[in-house]
Amino acid sequence: MSDAIRELDENAISKVVVDAAYRIHKALGPGLLESVYESILVHELRKAGLRCERQVPIPVVYDSIRFEEGFRADVFVESKVLVELKSIEQTAPVHRKQLLTYLRLTNKRLGLLINFGAETIKEGITRLVNGLPE
């Protein structure tokens, strides 16, 4: 993996993720389990030279108590971009709210909600920011 890949900002990382999601959706279409898309997406991103982690436990602090597993991030790319995956007919507003909460709790600036269940991947990708300049 080159140092140039390591220096990518959130927007450049998200472009690689979106391009990979497009290729996957084009090749496989909708209808598979979320976990299948997750495995394949991570494979594609690693092939592109990005560091990815799956099902990362994220702690939550509430009432001065640290709960070690507040939630699990589906895919965390280069420790900068959170990717929340779905494989459903249509996402709901709660899915966007959920990802925004994850961004705030991790103090990350960019998240992608990718629904592989959408008819086209363009309809299935939502970009959410938390303090990242547009």
# chains A, B, ... in the order shown; residues from 1 in each chain; ligands from 1
$ select_by_dssp --residues "region 62-96 of chain A" --states "strand (DSSP E or B)" --output "ChimeraX atom specification"
/A:62,65-77,81-86
$ write_last_selection --atoms "C-alpha atoms" --output "short mmCIF file (atom, residue, chain, number, x, y, z; two decimals), in the first residue's frame"
data_model
loop_
_atom_site.label_atom_id
_atom_site.label_comp_id
_atom_site.auth_asym_id
_atom_site.auth_seq_id
_atom_site.Cartn_x
_atom_site.Cartn_y
_atom_site.Cartn_z
CA TYR A 62 -23.47 7.97 28.99
CA ILE A 65 -20.15 5.38 32.18
CA ARG A 66 -18.32 3.99 29.18
CA PHE A 67 -20.32 1.28 27.41
CA GLU A 68 -17.80 -0.61 25.32
CA GLU A 69 -20.19 -1.65 22.61
CA GLY A 70 -22.63 1.14 22.00
CA PHE A 71 -22.94 0.08 18.38
CA ARG A 72 -20.99 -1.63 15.63
CA ALA A 73 -19.86 0.30 12.58
CA ASP A 74 -20.42 -1.85 9.47
CA VAL A 75 -17.27 -0.66 7.69
CA PHE A 76 -14.72 1.88 8.87
CA VAL A 77 -12.40 3.03 6.06
CA VAL A 81 -15.15 7.34 6.81
CA LEU A 82 -18.00 5.34 8.34
CA VAL A 83 -19.99 3.20 5.92
CA GLU A 84 -23.38 1.92 7.01
CA LEU A 85 -24.74 -0.79 4.73
CA LYS A 86 -28.29 -1.88 4.06
#
$ select_by_dssp --residues "chain A" --states "helix (DSSP H, G or I)" --output "MDAnalysis selection string"
chainID A and resid 3:6 10:28 34:47 93:106 121:124
$ write_last_selection --atoms "C-alpha atoms" --output "mmCIF file, in the first residue's frame"
data_model
loop_
_atom_site.group_PDB
_atom_site.id
_atom_site.type_symbol
_atom_site.label_atom_id
_atom_site.label_comp_id
_atom_site.auth_asym_id
_atom_site.auth_seq_id
_atom_site.Cartn_x
_atom_site.Cartn_y
_atom_site.Cartn_z
ATOM 1 C CA ASP A 3 1.729 6.348 1.258
ATOM 2 C CA ALA A 4 -0.295 8.304 -1.305
ATOM 3 C CA ILE A 5 -3.352 6.164 -0.505
ATOM 4 C CA ARG A 6 -2.844 6.830 3.211
ATOM 5 C CA GLU A 10 -12.611 11.864 3.400
ATOM 6 C CA ASN A 11 -13.911 12.987 0.004
ATOM 7 C CA ALA A 12 -11.297 11.007 -1.915
ATOM 8 C CA ILE A 13 -11.954 7.927 0.232
ATOM 9 C CA SER A 14 -15.705 8.245 -0.334
ATOM 10 C CA LYS A 15 -15.151 8.340 -4.094
ATOM 11 C CA VAL A 16 -13.286 5.021 -3.940
ATOM 12 C CA VAL A 17 -16.079 3.543 -1.781
ATOM 13 C CA VAL A 18 -18.841 4.786 -4.107
ATOM 14 C CA ASP A 19 -17.015 3.494 -7.183
ATOM 15 C CA ALA A 20 -16.601 0.078 -5.540
ATOM 16 C CA ALA A 21 -20.285 0.014 -4.515
ATOM 17 C CA TYR A 22 -21.259 0.816 -8.101
ATOM 18 C CA ARG A 23 -19.145 -2.052 -9.482
ATOM 19 C CA ILE A 24 -20.541 -4.491 -6.922
ATOM 20 C CA HIS A 25 -24.159 -3.490 -7.534
ATOM 21 C CA LYS A 26 -23.668 -3.660 -11.297
ATOM 22 C CA ALA A 27 -22.162 -7.148 -11.055
ATOM 23 C CA LEU A 28 -24.486 -8.654 -8.440
ATOM 24 C CA GLU A 34 -26.125 -7.219 3.777
ATOM 25 C CA SER A 35 -23.236 -9.309 5.128
ATOM 26 C CA VAL A 36 -22.400 -10.504 1.595
ATOM 27 C CA TYR A 37 -22.195 -6.944 0.259
ATOM 28 C CA GLU A 38 -20.121 -5.973 3.305
ATOM 29 C CA SER A 39 -17.576 -8.739 2.691
ATOM 30 C CA ILE A 40 -17.301 -7.931 -0.996
ATOM 31 C CA LEU A 41 -17.060 -4.168 -0.415
ATOM 32 C CA VAL A 42 -14.232 -4.630 2.076
ATOM 33 C CA HIS A 43 -12.483 -6.935 -0.395
ATOM 34 C CA GLU A 44 -12.773 -4.280 -3.138
ATOM 35 C CA LEU A 45 -11.549 -1.483 -0.868
ATOM 36 C CA ARG A 46 -8.564 -3.505 0.300
ATOM 37 C CA LYS A 47 -7.724 -4.277 -3.344
ATOM 38 C CA PRO A 93 -35.221 8.618 7.547
ATOM 39 C CA VAL A 94 -34.191 6.784 10.732
ATOM 40 C CA HIS A 95 -31.262 5.201 8.870
ATOM 41 C CA ARG A 96 -29.831 8.642 8.061
ATOM 42 C CA LYS A 97 -30.390 9.790 11.662
ATOM 43 C CA GLN A 98 -28.645 6.673 12.905
ATOM 44 C CA LEU A 99 -25.566 7.334 10.752
ATOM 45 C CA LEU A 100 -25.448 10.993 11.854
ATOM 46 C CA THR A 101 -25.498 9.822 15.480
ATOM 47 C CA TYR A 102 -22.642 7.417 14.714
ATOM 48 C CA LEU A 103 -20.643 10.259 13.151
ATOM 49 C CA ARG A 104 -21.161 12.465 16.197
ATOM 50 C CA LEU A 105 -20.263 9.686 18.642
ATOM 51 C CA THR A 106 -17.050 8.860 16.774
ATOM 52 C CA ILE A 121 -26.979 2.184 -6.669
ATOM 53 C CA LYS A 122 -27.312 5.908 -7.385
ATOM 54 C CA GLU A 123 -30.658 5.797 -5.541
ATOM 55 C CA GLY A 124 -29.049 3.739 -2.790
#
$ atom_distance --atom1 "CA of Asp9 (chain A)" --atom2 "CA of Arg51 (chain A)"
13.2 Å
$ atom_distance --atom1 "CA of Leu32 (chain A)" --atom2 "CA of Leu113 (chain A)"
16.7 Å
$ closest_residue --among "A:Ser87, A:Val61, A:Leu8, A:Asn107" --to "Glu119 (chain A)" --atoms "only C-alpha atoms"
A:Ser87
$ atom_distance --atom1 "CA of Gly29 (chain A)" --atom2 "CA of Ala92 (chain A)"
20.4 Å
$ residues_around --residues "Ile88 (chain A)" --least-positions-apart "6" --cutoff "10 Å" --atoms "only C-alpha atoms" --output "PDB file with N, CA and C atoms, in the first residue's frame"
ATOM      1  N   PRO A  30     -29.340  -6.167  -6.711  1.00  0.00           N
ATOM      2  CA  PRO A  30     -29.905  -6.183  -5.365  1.00  0.00           C
ATOM      3  C   PRO A  30     -30.335  -7.602  -4.983  1.00  0.00           C
ATOM      4  N   GLY A  31     -30.592  -7.806  -3.694  1.00  0.00           N
ATOM      5  CA  GLY A  31     -31.204  -9.052  -3.260  1.00  0.00           C
ATOM      6  C   GLY A  31     -30.360  -9.960  -2.399  1.00  0.00           C
ATOM      7  N   LEU A  32     -29.073  -9.671  -2.255  1.00  0.00           N
ATOM      8  CA  LEU A  32     -28.236 -10.496  -1.399  1.00  0.00           C
ATOM      9  C   LEU A  32     -28.286  -9.984   0.040  1.00  0.00           C
ATOM     10  N   LEU A  33     -27.786 -10.774   0.954  1.00  0.00           N
ATOM     11  CA  LEU A  33     -27.714 -10.352   2.345  1.00  0.00           C
ATOM     12  C   LEU A  33     -26.734  -9.198   2.515  1.00  0.00           C
ATOM     13  N   GLU A  34     -27.015  -8.344   3.474  1.00  0.00           N
ATOM     14  CA  GLU A  34     -26.125  -7.219   3.777  1.00  0.00           C
ATOM     15  C   GLU A  34     -24.702  -7.699   4.043  1.00  0.00           C
ATOM     16  N   ASN A 115     -27.319   1.506   0.340  1.00  0.00           N
ATOM     17  CA  ASN A 115     -28.365   0.491   0.301  1.00  0.00           C
ATOM     18  C   ASN A 115     -28.237  -0.309  -0.996  1.00  0.00           C
ATOM     19  N   PHE A 116     -27.688  -1.525  -0.872  1.00  0.00           N
ATOM     20  CA  PHE A 116     -27.525  -2.383  -2.036  1.00  0.00           C
ATOM     21  C   PHE A 116     -28.853  -2.972  -2.504  1.00  0.00           C
ATOM     22  N   GLY A 117     -29.909  -2.781  -1.722  1.00  0.00           N
ATOM     23  CA  GLY A 117     -31.217  -3.271  -2.112  1.00  0.00           C
ATOM     24  C   GLY A 117     -31.951  -2.353  -3.068  1.00  0.00           C
ATOM     25  N   ALA A 118     -31.437  -1.166  -3.282  1.00  0.00           N
ATOM     26  CA  ALA A 118     -32.071  -0.205  -4.182  1.00  0.00           C
ATOM     27  C   ALA A 118     -31.990  -0.700  -5.621  1.00  0.00           C
ATOM     28  N   GLY A 124     -29.356   4.388  -4.056  1.00  0.00           N
ATOM     29  CA  GLY A 124     -29.049   3.739  -2.790  1.00  0.00           C
ATOM     30  C   GLY A 124     -27.943   4.370  -1.972  1.00  0.00           C
TER      31      GLY A 124
END
$ closest_residue --among "A:Ile114, A:Gln90, A:Ala48, A:Ser79" --to "Arg127 (chain A)" --atoms "only C-alpha atoms"
A:Ile114
